[in-house]
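Enquirer: Contents of coords.tsv (TSV, C-alpha atoms and all ligand atoms) are given next:
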```tsv
chain	number	residue	atom	x	y	z
R	1	ILE	CA	85.86	32.13	101.09
R	2	ALA	CA	85.96	29.10	98.77
R	3	PHE	CA	86.65	30.53	95.33
R	4	GLU	CA	86.52	27.23	93.47
R	5	SER	CA	83.15	25.55	93.22
R	6	THR	CA	82.87	21.78	93.62
R	7	ARG	CA	82.04	21.67	89.91
R	8	VAL	CA	85.27	23.40	88.88
R	9	ALA	CA	87.22	21.31	91.38
R	10	THR	CA	86.30	18.20	89.37
R	11	ILE	CA	88.41	19.27	86.39
R	12	LYS	CA	92.10	19.97	85.78
R	13	SER	CA	93.93	22.58	83.71
R	14	SER	CA	94.92	21.55	80.20
R	15	PRO	CA	98.01	19.26	80.63
R	16	SER	CA	99.52	20.15	77.24
R	17	MET	CA	99.46	23.82	78.20
R	18	ALA	CA	101.24	22.89	81.49
R	19	VAL	CA	104.12	21.15	79.64
R	20	SER	CA	104.50	24.11	77.35
R	21	VAL	CA	104.68	26.48	80.33
R	22	ALA	CA	107.46	24.30	81.85
R	23	ALA	CA	109.34	24.34	78.51
R	24	LYS	CA	109.02	28.12	78.29
R	25	ALA	CA	110.34	28.49	81.85
R	26	MET	CA	113.44	26.44	80.92
R	27	ARG	CA	113.94	28.60	77.84
R	28	ALA	CA	113.68	31.73	79.96
R	29	LYS	CA	116.66	30.36	81.94
R	30	GLY	CA	118.64	30.17	78.72
R	31	GLU	CA	118.21	26.44	77.98
R	32	HIS	CA	117.67	25.30	74.39
R	33	VAL	CA	114.41	23.36	74.50
R	34	VAL	CA	112.70	21.80	71.47
R	35	ASP	CA	109.01	22.16	72.25
R	36	LEU	CA	106.93	19.39	70.69
R	37	SER	CA	104.13	19.81	73.21
R	38	LEU	CA	101.71	22.23	71.58
R	39	GLY	CA	99.34	21.44	68.76
R	40	GLU	CA	99.41	24.58	66.71
R	41	PRO	CA	100.68	25.37	63.23
R	42	ASP	CA	104.04	27.16	63.21
R	43	PHE	CA	103.08	29.14	60.07
R	44	ASP	CA	101.76	32.69	60.03
R	45	THR	CA	98.13	33.29	59.09
R	46	PRO	CA	98.00	33.86	55.29
R	47	ASP	CA	98.16	37.49	54.29
R	48	HIS	CA	94.80	37.70	52.48
R	49	ILE	CA	93.11	36.62	55.73
R	50	VAL	CA	94.99	39.22	57.76
R	51	GLN	CA	94.09	41.84	55.14
R	52	ALA	CA	90.38	40.96	55.43
R	53	ALA	CA	90.58	41.63	59.17
R	54	ILE	CA	92.39	44.94	58.66
R	55	GLU	CA	89.81	45.98	56.10
R	56	ALA	CA	86.96	45.11	58.48
R	57	MET	CA	88.55	47.24	61.19
R	58	ARG	CA	89.16	50.16	58.81
R	59	LYS	CA	85.56	50.03	57.63
R	60	GLY	CA	84.33	50.16	61.23
R	61	LEU	CA	82.87	46.65	61.10
R	62	THR	CA	83.78	46.31	64.74
R	63	ARG	CA	80.44	45.90	66.43
R	64	TYR	CA	78.58	42.99	68.02
R	65	THR	CA	77.22	40.51	65.53
R	66	ALA	CA	74.26	38.17	65.94
R	67	PRO	CA	75.12	35.28	68.33
R	68	ASP	CA	75.00	32.83	65.42
R	69	GLY	CA	77.42	35.01	63.48
R	70	LEU	CA	77.64	37.26	60.46
R	71	GLN	CA	75.53	36.32	57.50
R	72	GLU	CA	78.72	36.38	55.34
R	73	LEU	CA	80.44	33.86	57.59
R	74	ARG	CA	77.50	31.49	57.88
R	75	GLN	CA	77.11	31.58	54.10
R	76	ALA	CA	80.83	30.80	53.75
R	77	ILE	CA	80.45	27.82	56.12
R	78	VAL	CA	77.39	26.49	54.26
R	79	ALA	CA	79.29	26.86	50.96
R	80	LYS	CA	82.35	25.12	52.41
R	81	PHE	CA	80.32	22.04	53.44
R	82	LYS	CA	78.78	21.87	49.96
R	83	ARG	CA	82.01	22.49	48.03
R	84	GLU	CA	84.30	20.20	50.01
R	85	SER	CA	81.99	17.41	51.15
R	86	GLY	CA	78.86	17.71	49.04
R	87	LEU	CA	76.85	18.24	52.25
R	88	ASP	CA	73.69	20.33	52.25
R	89	TYR	CA	73.27	22.46	55.34
R	90	VAL	CA	71.20	25.64	55.62
R	91	MET	CA	72.25	28.67	57.64
R	92	ASP	CA	70.00	27.76	60.60
R	93	GLU	CA	71.95	24.54	61.00
R	94	ILE	CA	75.25	26.37	61.60
R	95	SER	CA	76.62	27.62	64.91
R	96	ILE	CA	79.87	29.46	65.54
R	97	GLY	CA	81.97	29.97	68.65
R	98	ASN	CA	85.26	31.27	70.00
R	99	GLY	CA	87.10	28.18	68.75
R	100	ALA	CA	85.94	24.61	68.26
R	101	LYS	CA	86.63	24.17	71.96
R	102	GLN	CA	83.84	26.57	72.86
R	103	ILE	CA	81.44	24.76	70.53
R	104	LEU	CA	82.20	21.49	72.33
R	105	PHE	CA	81.66	23.31	75.61
R	106	ASN	CA	78.35	24.78	74.46
R	107	ALA	CA	77.17	21.50	72.98
R	108	PHE	CA	77.63	19.60	76.25
R	109	LEU	CA	76.26	22.47	78.33
R	110	ALA	CA	73.22	22.56	76.06
R	111	THR	CA	72.47	18.85	76.07
R	112	LEU	CA	73.77	16.93	79.09
R	113	GLU	CA	71.62	16.02	82.08
R	114	PRO	CA	73.44	14.85	85.24
R	115	GLY	CA	74.60	11.26	84.81
R	116	ASP	CA	74.34	11.21	81.02
R	117	GLU	CA	77.11	9.17	79.45
R	118	VAL	CA	79.39	10.16	76.60
R	119	VAL	CA	81.30	7.39	74.83
R	120	VAL	CA	84.83	8.59	74.07
R	121	PRO	CA	87.49	6.38	72.45
R	122	ALA	CA	90.91	6.84	74.08
R	123	PRO	CA	93.39	8.27	73.36
R	124	TYR	CA	91.20	11.34	73.16
R	125	TRP	CA	91.89	15.05	72.88
R	126	VAL	CA	92.77	16.30	76.38
R	127	SER	CA	89.78	18.60	76.83
R	128	TYR	CA	86.94	16.21	75.91
R	129	THR	CA	86.57	14.42	79.21
R	130	ASP	CA	86.97	17.50	81.40
R	131	ILE	CA	84.34	19.38	79.39
R	132	VAL	CA	81.95	16.43	79.74
R	133	VAL	CA	82.57	16.15	83.50
R	134	LEU	CA	82.16	19.89	84.00
R	135	HIS	CA	78.64	19.63	82.60
R	136	GLY	CA	77.62	16.70	84.79
R	137	GLY	CA	78.27	13.99	82.22
R	138	ILE	CA	80.14	10.71	82.65
R	139	PRO	CA	82.82	9.91	80.06
R	140	LYS	CA	82.69	6.21	79.08
R	141	ILE	CA	86.22	5.72	77.89
R	142	VAL	CA	87.03	2.95	75.44
R	143	PRO	CA	90.81	2.33	75.26
R	144	CYS	CA	92.15	1.89	71.71
R	145	GLY	CA	95.93	1.50	71.74
R	146	VAL	CA	98.51	1.20	68.98
R	147	GLU	CA	97.53	-2.50	68.69
R	148	ASP	CA	94.03	-1.32	67.62
R	149	ALA	CA	95.47	1.25	65.18
R	150	PHE	CA	94.08	3.76	67.75
R	151	LYS	CA	90.50	3.28	66.49
R	152	ILE	CA	87.30	2.06	68.12
R	153	THR	CA	85.62	-0.92	66.47
R	154	ALA	CA	81.89	-1.39	65.93
R	155	GLU	CA	81.83	-4.17	68.57
R	156	ARG	CA	83.50	-2.06	71.22
R	157	LEU	CA	81.24	0.91	70.48
R	158	ASP	CA	78.19	-1.33	70.76
R	159	ALA	CA	79.41	-2.70	74.10
R	160	ALA	CA	79.98	0.81	75.49
R	161	ILE	CA	76.48	2.11	74.71
R	162	THR	CA	73.90	1.98	77.53
R	163	PRO	CA	70.42	3.48	77.93
R	164	LYS	CA	72.18	6.50	79.55
R	165	THR	CA	74.40	7.21	76.52
R	166	ARG	CA	73.75	10.67	75.15
R	167	TRP	CA	76.69	11.15	72.76
R	168	PHE	CA	79.40	9.31	70.91
R	169	LEU	CA	82.31	11.76	70.58
R	170	PHE	CA	85.25	11.06	68.32
R	171	ASN	CA	87.95	12.81	66.33
R	172	SER	CA	89.37	11.96	62.89
R	173	PRO	CA	92.08	12.80	61.90
R	174	SER	CA	93.02	12.32	65.53
R	175	ASN	CA	94.79	14.39	68.06
R	176	PRO	CA	96.90	12.74	69.62
R	177	THR	CA	97.42	9.72	67.35
R	178	GLY	CA	97.19	10.95	63.75
R	179	ALA	CA	94.80	8.08	62.93
R	180	ILE	CA	92.08	8.56	60.30
R	181	TYR	CA	88.92	6.44	60.11
R	182	THR	CA	88.26	5.06	56.63
R	183	ALA	CA	84.80	5.43	55.09
R	184	ASP	CA	84.18	1.70	55.70
R	185	GLU	CA	85.16	1.99	59.36
R	186	LEU	CA	82.80	4.95	59.77
R	187	ARG	CA	80.00	3.02	58.10
R	188	ALA	CA	80.54	0.13	60.52
R	189	LEU	CA	80.25	2.54	63.47
R	190	GLY	CA	77.22	4.12	61.80
R	191	ALA	CA	75.51	0.72	61.56
R	192	VAL	CA	75.85	0.33	65.34
R	193	LEU	CA	74.61	3.86	65.99
R	194	ALA	CA	71.63	3.30	63.70
R	195	ARG	CA	70.50	0.61	66.15
R	196	HIS	CA	70.70	3.06	69.09
R	197	PRO	CA	68.50	6.00	68.14
R	198	HIS	CA	68.95	7.70	71.54
R	199	VAL	CA	72.66	8.37	70.84
R	200	ALA	CA	73.80	11.56	69.11
R	201	ILE	CA	77.17	11.78	67.37
R	202	MET	CA	79.77	14.51	67.75
R	203	SER	CA	82.36	14.28	64.99
R	204	ASP	CA	85.35	16.55	65.56
R	205	GLU	CA	86.73	17.15	62.07
R	206	ILE	CA	89.04	20.05	62.85
R	207	TYR	CA	92.08	18.34	61.22
R	208	GLU	CA	90.17	17.34	58.07
R	209	HIS	CA	92.62	19.00	55.66
R	210	ILE	CA	95.75	17.73	57.34
R	211	VAL	CA	96.16	14.35	55.71
R	212	CYS	CA	99.72	12.96	55.69
R	213	GLY	CA	99.31	9.36	54.53
R	214	ASP	CA	97.31	7.32	52.04
R	215	VAL	CA	93.97	7.23	53.90
R	216	PRO	CA	91.76	10.08	52.68
R	217	PHE	CA	89.62	12.04	55.16
R	218	THR	CA	85.92	11.17	55.15
R	219	SER	CA	83.39	13.23	57.07
R	220	PHE	CA	81.17	11.09	59.31
R	221	VAL	CA	78.04	12.52	57.67
R	222	VAL	CA	79.35	11.72	54.18
R	223	ALA	CA	79.90	8.09	55.25
R	224	CYS	CA	76.59	7.88	57.17
R	225	PRO	CA	74.12	10.36	55.62
R	226	GLU	CA	71.24	8.56	57.36
R	227	LEU	CA	72.62	9.85	60.70
R	228	LYS	CA	72.90	13.50	59.63
R	229	ASP	CA	69.90	14.52	61.74
R	230	ARG	CA	71.65	13.45	64.95
R	231	THR	CA	75.23	14.37	64.16
R	232	LEU	CA	77.03	17.56	65.11
R	233	ILE	CA	80.12	18.18	62.96
R	234	ILE	CA	82.70	20.27	64.79
R	235	ASN	CA	85.27	22.23	62.81
R	236	GLY	CA	87.18	25.50	62.87
R	237	VAL	CA	89.80	27.64	61.20
R	238	SER	CA	92.58	27.20	63.80
R	239	LYS	CA	94.47	24.29	62.27
R	240	ALA	CA	93.75	24.57	58.54
R	241	TYR	CA	94.55	28.28	58.23
R	242	ALA	CA	97.07	28.73	61.07
R	243	MET	CA	94.57	30.85	63.01
R	244	THR	CA	94.76	29.42	66.54
R	245	GLY	CA	94.85	32.84	68.19
R	246	TRP	CA	91.93	34.27	66.23
R	247	ARG	CA	89.45	31.94	67.98
R	248	LEU	CA	86.82	30.81	65.53
R	249	GLY	CA	85.16	27.42	65.46
R	250	TYR	CA	81.97	26.32	63.77
R	251	ALA	CA	79.54	23.43	63.79
R	252	ALA	CA	76.78	22.01	61.63
R	253	GLY	CA	73.94	19.93	62.98
R	254	PRO	CA	70.23	19.63	63.62
R	255	ARG	CA	68.39	22.93	63.90
R	256	GLU	CA	67.05	22.28	67.40
R	257	LEU	CA	70.62	21.80	68.64
R	258	THR	CA	72.15	24.80	66.84
R	259	ARG	CA	69.29	26.92	68.21
R	260	ALA	CA	70.23	25.84	71.75
R	261	LEU	CA	73.91	26.56	71.04
R	262	ASN	CA	73.08	30.02	69.73
R	263	LYS	CA	70.88	30.74	72.74
R	264	LEU	CA	73.80	29.88	75.03
R	265	GLN	CA	76.13	32.01	72.96
R	266	SER	CA	73.77	34.97	73.31
R	267	GLN	CA	74.08	34.73	77.11
R	268	SER	CA	77.81	34.01	77.31
R	269	THR	CA	80.23	35.65	74.86
R	270	THR	CA	77.49	37.25	72.70
R	271	CYS	CA	79.49	36.41	69.57
R	272	PRO	CA	83.08	35.73	68.49
R	273	SER	CA	85.04	38.86	67.55
R	274	SER	CA	83.48	40.50	64.48
R	275	ILE	CA	86.97	41.07	63.05
R	276	THR	CA	87.79	37.38	63.36
R	277	GLN	CA	84.50	36.50	61.69
R	278	PHE	CA	85.41	38.59	58.62
R	279	ALA	CA	88.85	36.96	58.57
R	280	ALA	CA	87.33	33.45	58.85
R	281	ALA	CA	84.94	34.17	55.96
R	282	ALA	CA	87.95	35.24	53.87
R	283	ALA	CA	89.76	32.02	54.89
R	284	LEU	CA	86.87	29.79	53.82
R	285	ASN	CA	85.95	31.70	50.64
R	286	GLY	CA	89.46	32.63	49.50
R	287	PRO	CA	92.31	30.81	47.78
R	288	GLN	CA	93.20	27.50	49.43
R	289	ASP	CA	96.81	27.27	48.26
R	290	PHE	CA	98.12	27.94	51.79
R	291	VAL	CA	96.42	24.74	52.97
R	292	THR	CA	98.00	22.73	50.15
R	293	THR	CA	101.48	24.09	50.88
R	294	ALA	CA	101.20	23.63	54.65
R	295	VAL	CA	99.88	20.08	54.29
R	296	ALA	CA	102.77	19.14	51.95
R	297	GLU	CA	105.15	20.35	54.66
R	298	TYR	CA	103.30	18.46	57.45
R	299	LYS	CA	103.48	15.35	55.28
R	300	ALA	CA	107.27	15.65	54.89
R	301	ARG	CA	107.65	16.28	58.61
R	302	GLY	CA	105.36	13.35	59.45
R	303	GLN	CA	107.57	11.04	57.37
R	304	LEU	CA	110.68	12.46	59.00
R	305	VAL	CA	109.45	11.89	62.56
R	306	ALA	CA	107.91	8.48	61.81
R	307	ARG	CA	111.25	7.33	60.36
R	308	GLY	CA	113.35	8.95	63.07
R	309	PHE	CA	111.37	7.74	66.07
R	310	SER	CA	110.80	4.23	64.62
R	311	ALA	CA	114.58	3.87	64.47
R	312	ILE	CA	114.86	4.44	68.25
R	313	PRO	CA	114.91	1.01	69.93
R	314	GLY	CA	111.97	0.32	72.24
R	315	LEU	CA	109.50	2.82	70.74
R	316	ASP	CA	106.42	1.38	69.03
R	317	VAL	CA	105.52	3.89	66.32
R	318	ARG	CA	102.53	4.00	63.98
R	319	ALA	CA	103.06	6.45	61.11
R	320	PRO	CA	100.54	9.30	61.26
R	321	GLU	CA	97.77	9.37	58.66
R	322	GLY	CA	96.74	12.90	59.51
R	323	ALA	CA	96.91	15.86	61.90
R	324	PHE	CA	100.45	16.68	63.08
R	325	TYR	CA	101.09	14.24	65.90
R	326	LEU	CA	103.10	11.10	66.52
R	327	PHE	CA	102.10	8.92	69.48
R	328	PRO	CA	104.81	6.33	70.15
R	329	LYS	CA	104.24	3.66	72.77
R	330	CYS	CA	107.10	3.62	75.24
R	331	ALA	CA	106.39	0.56	77.46
R	332	HIS	CA	110.01	-0.60	77.01
R	333	TYR	CA	111.30	2.33	79.06
R	334	ILE	CA	108.86	2.14	81.97
R	335	GLY	CA	110.52	0.72	85.10
R	336	LYS	CA	114.00	1.86	84.02
R	337	THR	CA	116.32	4.15	85.98
R	338	ALA	CA	117.74	7.50	84.89
R	339	PRO	CA	121.45	8.42	85.32
R	340	ASP	CA	120.47	10.64	88.28
R	341	GLY	CA	118.95	7.59	90.01
R	342	ALA	CA	115.30	8.58	89.38
R	343	ARG	CA	113.02	5.67	88.51
R	344	ILE	CA	110.77	6.09	85.47
R	345	SER	CA	107.57	4.48	86.68
R	346	ASN	CA	105.09	5.90	84.15
R	347	ASP	CA	104.86	8.00	80.98
R	348	THR	CA	104.47	11.25	82.93
R	349	GLU	CA	107.86	10.58	84.52
R	350	LEU	CA	109.31	9.63	81.15
R	351	ALA	CA	108.10	12.90	79.56
R	352	SER	CA	109.52	14.84	82.47
R	353	TYR	CA	112.87	12.96	82.10
R	354	LEU	CA	112.95	13.76	78.36
R	355	LEU	CA	112.43	17.43	79.15
R	356	ARG	CA	115.06	17.42	81.91
R	357	GLU	CA	117.72	15.32	80.21
R	358	GLY	CA	116.99	15.72	76.49
R	359	LYS	CA	115.43	19.21	76.52
R	360	VAL	CA	112.57	17.90	74.41
R	361	ALA	CA	109.04	18.80	75.53
R	362	THR	CA	106.38	16.12	74.91
R	363	VAL	CA	103.01	15.33	76.50
R	364	PRO	CA	102.55	12.00	78.34
R	365	GLY	CA	99.90	9.56	77.13
R	366	ALA	CA	98.21	9.77	80.54
R	367	ALA	CA	96.87	13.19	79.50
R	368	PHE	CA	95.01	11.50	76.63
R	369	GLY	CA	93.65	8.59	78.65
R	370	VAL	CA	96.09	5.80	77.67
R	371	GLU	CA	99.52	4.79	78.99
R	372	PRO	CA	102.42	4.43	78.38
R	373	TYR	CA	102.80	6.74	75.38
R	374	ILE	CA	104.21	10.18	74.59
R	375	ARG	CA	102.72	12.66	72.13
R	376	LEU	CA	105.00	14.61	69.84
R	377	SER	CA	103.64	17.48	67.77
R	378	PHE	CA	105.49	17.88	64.47
R	379	ALA	CA	104.12	21.35	63.80
R	380	THR	CA	107.66	22.71	63.99
R	381	SER	CA	110.62	23.01	61.61
R	382	ARG	CA	112.37	19.96	60.18
R	383	ASP	CA	115.59	21.20	61.81
R	384	ASN	CA	113.92	21.20	65.22
R	385	LEU	CA	112.50	17.75	64.58
R	386	ALA	CA	115.92	16.36	63.62
R	387	ILE	CA	117.36	17.74	66.87
R	388	ALA	CA	114.45	16.27	68.85
R	389	ILE	CA	114.98	12.81	67.34
R	390	GLU	CA	118.67	12.83	68.18
R	391	ARG	CA	118.19	14.11	71.72
R	392	THR	CA	115.35	11.67	72.45
R	393	ALA	CA	117.44	8.74	71.21
R	394	ASP	CA	120.40	9.86	73.37
R	395	ALA	CA	118.28	10.42	76.49
R	396	LEU	CA	116.46	7.09	76.15
R	397	ALA	CA	119.74	5.24	75.59
R	398	LYS	CA	120.92	6.44	79.02
R	399	LEU	CA	118.07	4.66	80.81
R	400	ARG	CA	119.05	1.42	82.51
M	501	LIG	N1	89.54	19.55	68.65
M	501	LIG	C1	90.77	19.02	68.61
M	501	LIG	C2	90.91	17.57	68.33
M	501	LIG	C3	91.90	19.82	68.82
M	501	LIG	O1	93.13	19.26	68.77
M	501	LIG	C4	91.73	21.18	69.10
M	501	LIG	C5	92.89	22.06	69.40
M	501	LIG	O2	93.95	21.62	69.80
M	501	LIG	C6	90.42	21.69	69.13
M	501	LIG	C7	89.35	20.84	68.90
M	501	LIG	C8	90.13	23.14	69.46
M	501	LIG	O3	90.48	24.02	68.46
M	501	LIG	P1	90.06	25.55	68.53
M	501	LIG	O4	89.37	25.80	69.81
M	501	LIG	O5	91.33	26.31	68.40
M	501	LIG	O6	89.16	25.77	67.34
```
In structure tokens, write the structure found in this file.
Ligand code: PLP
Expert:
Amino acid sequence: IAFESTRVATIKSSPSMAVSVAAKAMRAKGEHVVDLSLGEPDFDTPDHIVQAAIEAMRKGLTRYTAPDGLQELRQAIVAKFKRESGLDYVMDEISIGNGAKQILFNAFLATLEPGDEVVVPAPYWVSYTDIVVLHGGIPKIVPCGVEDAFKITAERLDAAITPKTRWFLFNSPSNPTGAIYTADELRALGAVLARHPHVAIMSDEIYEHIVCGDVPFTSFVVACPELKDRTLIINGVSKAYAMTGWRLGYAAGPRELTRALNKLQSQSTTCPSSITQFAAAAALNGPQDFVTTAVAEYKARGQLVARGFSAIPGLDVRAPEGAFYLFPKCAHYIGKTAPDGARISNDTELASYLLREGKVATVPGAAFGVEPYIRLSFATSRDNLAIAIERTADALAKLR
């Protein structure tokens, strides 16, 4: 019996998860590995959020909710858009899911016809292209390397759009590069999109609070309000509130689209966990001092890694503006030979060498659609980061 359909055979498992599994296996053998492969906050979920979940459980609020979520949560999401971005959404324009990842999944499942194209600037978050392919779409990848400050320009976006384009999908602040689009850059992209009314925009704003440099975060809809009726903003509580395991993402967009998303939800997971929904409402409505403290720490770590990795000869580093990733270009080391005689012919081999020789787990650029780069997550302690810098420098210096 063939247990994998041709559709599932077209995609791969998440590569960043695979590196982390390899790092964990080395640890299990007693090796000291610094794992910079996973993009999740190393902090605990703030106590008032945990308490809200406990309270919900104690009160017996443990039943199915409506597919589009608890009234309390949707109200909290509407209030959040108003308070933080001045955006007016009504409850019907909100959808929730088991993580932002499920919203992306639902949005492509709900909207793509076979052969529809989705313009995605690369480097992109690892799951975008597989989710598009799984739903019959064709990712139109536009490479934007360190030379382009990792951002797509209006000209390149215009050139990538065809009559088959259904979506433009982008992420700011960016995983894996830490780049943030300025309001002016977003307006320039918006001007192109205004000329192509058949293209919808998916703006993944999940790292909005995590700003480490001087460029402030701007929501796409704030920069381009005229495109609000064809933009889906994706967001979630995972990164801002250290809630990756709770699984709650949300989106705001045109009513016809959120209705389709909610219909899908009703026939798939029914709803995210009711307990998580109460916790997420507490996160959005409650004190935001955790976010401020965590972001100050990410900022210090971002400066530490930018300084440390820039000082390693042969790495081309752009300091992160947001999120918690550094994405150095490592072309200098491709083609070199390791002390054990292995040739490093691409960034996947370089990442595997760094894990083997330096005991530092990173994700190769190939996973994000551009080469040769490595992605380092700095959502770990400054002590770990200092060790990672030293070990990476030592391991790279051994390449000939
Ligand atoms: N979007 C981006 C850019 C991400 O980096 C992630 C997680 O790594 C997600 C979406 C998904 O987040 P979640 O499903 O935990 O809400």
Enquirer: So that I can check the surroundings of Asn171 of chain R, please list as a list in words every protein, DNA and RNA residue that reaches within 8 Å of it, counting all atoms listed in the file and ignoring chain neighbours fewer than 5 positions away.
Expert: Tyr124, Trp125, Ser203, Asp204 and Glu205 of chain R
Enquirer: Do you have, as a Markdown table, the list of residues of chain R lying at most 9 Å from ligand LIG 501 (chain M), each with its nearest atom pair and that distance in Å to one decimal, counting only C-alpha atoms and all ligand atoms and ordered by chain then number?
Expert:
```
| residue | atom | partner | partner_atom | distance |
| --- | --- | --- | --- | --- |
| R:Leu38 | CA | M:LIG501 | O2 | 8.0 |
| R:Gly39 | CA | M:LIG501 | O2 | 5.5 |
| R:Glu40 | CA | M:LIG501 | O2 | 6.9 |
| R:Gly97 | CA | M:LIG501 | O6 | 8.4 |
| R:Asn98 | CA | M:LIG501 | O4 | 6.8 |
| R:Gly99 | CA | M:LIG501 | O4 | 3.5 |
| R:Ala100 | CA | M:LIG501 | O6 | 3.5 |
| R:Lys101 | CA | M:LIG501 | O4 | 3.8 |
| R:Gln102 | CA | M:LIG501 | O4 | 6.4 |
| R:Ile103 | CA | M:LIG501 | O4 | 8.0 |
| R:Leu104 | CA | M:LIG501 | C7 | 8.0 |
| R:Tyr124 | CA | M:LIG501 | C2 | 7.9 |
| R:Trp125 | CA | M:LIG501 | C2 | 5.3 |
| R:Val126 | CA | M:LIG501 | O1 | 8.2 |
| R:Ser127 | CA | M:LIG501 | N1 | 8.2 |
| R:Tyr128 | CA | M:LIG501 | N1 | 8.4 |
| R:Phe170 | CA | M:LIG501 | C2 | 8.6 |
| R:Asn171 | CA | M:LIG501 | C2 | 6.0 |
| R:Ser172 | CA | M:LIG501 | C2 | 8.0 |
| R:Pro173 | CA | M:LIG501 | C2 | 8.1 |
| R:Ser174 | CA | M:LIG501 | C2 | 6.3 |
| R:Asn175 | CA | M:LIG501 | C2 | 5.0 |
| R:Pro176 | CA | M:LIG501 | O1 | 7.6 |
| R:Asp204 | CA | M:LIG501 | N1 | 6.0 |
| R:Glu205 | CA | M:LIG501 | C2 | 7.5 |
| R:Ile206 | CA | M:LIG501 | N1 | 5.8 |
| R:Tyr207 | CA | M:LIG501 | C2 | 7.2 |
| R:Ile234 | CA | M:LIG501 | C7 | 7.8 |
| R:Asn235 | CA | M:LIG501 | O6 | 6.9 |
| R:Gly236 | CA | M:LIG501 | O6 | 4.9 |
| R:Val237 | CA | M:LIG501 | O6 | 6.5 |
| R:Ser238 | CA | M:LIG501 | O5 | 4.8 |
| R:Lys239 | CA | M:LIG501 | O5 | 7.2 |
| R:Met243 | CA | M:LIG501 | O5 | 7.8 |
| R:Thr244 | CA | M:LIG501 | O5 | 5.0 |
| R:Gly245 | CA | M:LIG501 | O5 | 7.4 |
| R:Trp246 | CA | M:LIG501 | O5 | 8.3 |
| R:Arg247 | CA | M:LIG501 | O5 | 6.0 |
| R:Leu248 | CA | M:LIG501 | O6 | 5.8 |
| R:Gly249 | CA | M:LIG501 | O6 | 4.7 |
| R:Tyr250 | CA | M:LIG501 | O6 | 8.0 |
| R:Ala323 | CA | M:LIG501 | O1 | 8.5 |
```
Enquirer: Do you know which residues are at most 10 Å from Glu113 of chain R counting only C-alpha atoms, after dropping those on the same chain fewer than 6 positions away, and could you put them as a list in words?
Expert: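 My list of contacting residues is His135, Gly136, Gly137, Lys164 and Arg166 of chain R.
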Enquirer: I need the chosen residues saved as a PDB file, keeping the file's coordinate frame, with C-alpha atoms.
Expert:
```
ATOM      1  CA  HIS R 135      78.640  19.630  82.600  1.00  0.00           C
ATOM      2  CA  GLY R 136      77.620  16.700  84.790  1.00  0.00           C
ATOM      3  CA  GLY R 137      78.270  13.990  82.220  1.00  0.00           C
ATOM      4  CA  LYS R 164      72.180   6.500  79.550  1.00  0.00           C
ATOM      5  CA  ARG R 166      73.750  10.670  75.150  1.00  0.00           C
TER       6      ARG R 166
END
```
Enquirer: Hey, can I get the axis-aligned box for segment 23-31 of chain R? All listed atoms, 4 Å padding on each side, centre and edge lengths in Å to one decimal, as JSON.
Expert:
```
{"center_x": 113.8, "center_y": 28.0, "center_z": 79.9, "size_x": 17.6, "size_y": 15.4, "size_z": 12.1}
```
Enquirer: Name the closest residue to Ala281 of chain R among the candidates R:Ala79, R:Val211, R:Ala66, R:Val21; distances are taken between atoms, counting only C-alpha atoms.
Expert: R:Ala79
Enquirer: From the options R:Ser5, R:Ser273, R:Asn285, R:Thr348, which residue's atoms come nearest to Ala56 of chain R, counting all atoms listed in the file?
Expert: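 The closest residue to Ala56 of chain R is R:Ser273.
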Enquirer: Here is a test: counting all atoms listed in the file, which residue of R:Phe217, R:Val34, R:Leu70, R:Thr45 is nearest to Leu385 of chain R?
Expert: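 That would be R:Val34, the residue with the smallest distance to Leu385 of chain R.
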Enquirer: Out of R:Val33, R:Val370, R:Ala395, R:Ala379, which residue has the shortest atom-to-atom distance to Asp340 of chain R when counting all atoms listed in the file?
Expert: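 The shortest atom-to-atom distance to Asp340 of chain R comes from R:Ala395.
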Enquirer: Which is closer to Gln51 of chain R than all the others in R:Pro328, R:Ala279, R:Lys359, R:Thr337, using all atoms listed in the file?
Expert: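 Among the listed residues, R:Ala279 lies closest to Gln51 of chain R.
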Enquirer: Got a sec: who's within 7 Å of segment 184-194 of chain R, counting only C-alpha atoms, leaving out chain neighbours fewer than 4 positions off, as a list in words?
Expert: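 With the cut-off at 7 Å, the set is Ala154, Asp158, Val199, Phe220, Ala223 and Cys224 of chain R.
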Enquirer: What does the file look like for those residues with C-alpha atoms, as an mmCIF file, in the frame of the given file?
Expert:
```cif
data_model
loop_
_atom_site.group_PDB
_atom_site.id
_atom_site.type_symbol
_atom_site.label_atom_id
_atom_site.label_comp_id
_atom_site.auth_asym_id
_atom_site.auth_seq_id
_atom_site.Cartn_x
_atom_site.Cartn_y
_atom_site.Cartn_z
ATOM 1 C CA ALA R 154 81.890 -1.390 65.930
ATOM 2 C CA ASP R 158 78.190 -1.330 70.760
ATOM 3 C CA VAL R 199 72.660 8.370 70.840
ATOM 4 C CA PHE R 220 81.170 11.090 59.310
ATOM 5 C CA ALA R 223 79.900 8.090 55.250
ATOM 6 C CA CYS R 224 76.590 7.880 57.170
#
```
Enquirer: So what do you get for atom CA of Ser85 of chain R versus atom CA of Arg259 of chain R, distance-wise?
Expert: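 These atoms are spaced 23.3 Å apart.
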Enquirer: For the atom pair atom CA of Arg58 of chain R and atom CA of Thr276 of chain R, what is the interatomic distance in Å to one decimal place?
Expert: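 Here the two named atoms are 13.6 Å from each other.
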Enquirer: Quote the spacing between atom CA of Gln265 of chain R and atom CA of Val90 of chain R in Å to one decimal place.
Expert: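 Answer for the atom CA of Gln265 of chain R to atom CA of Val90 of chain R separation: 19.1 Å.
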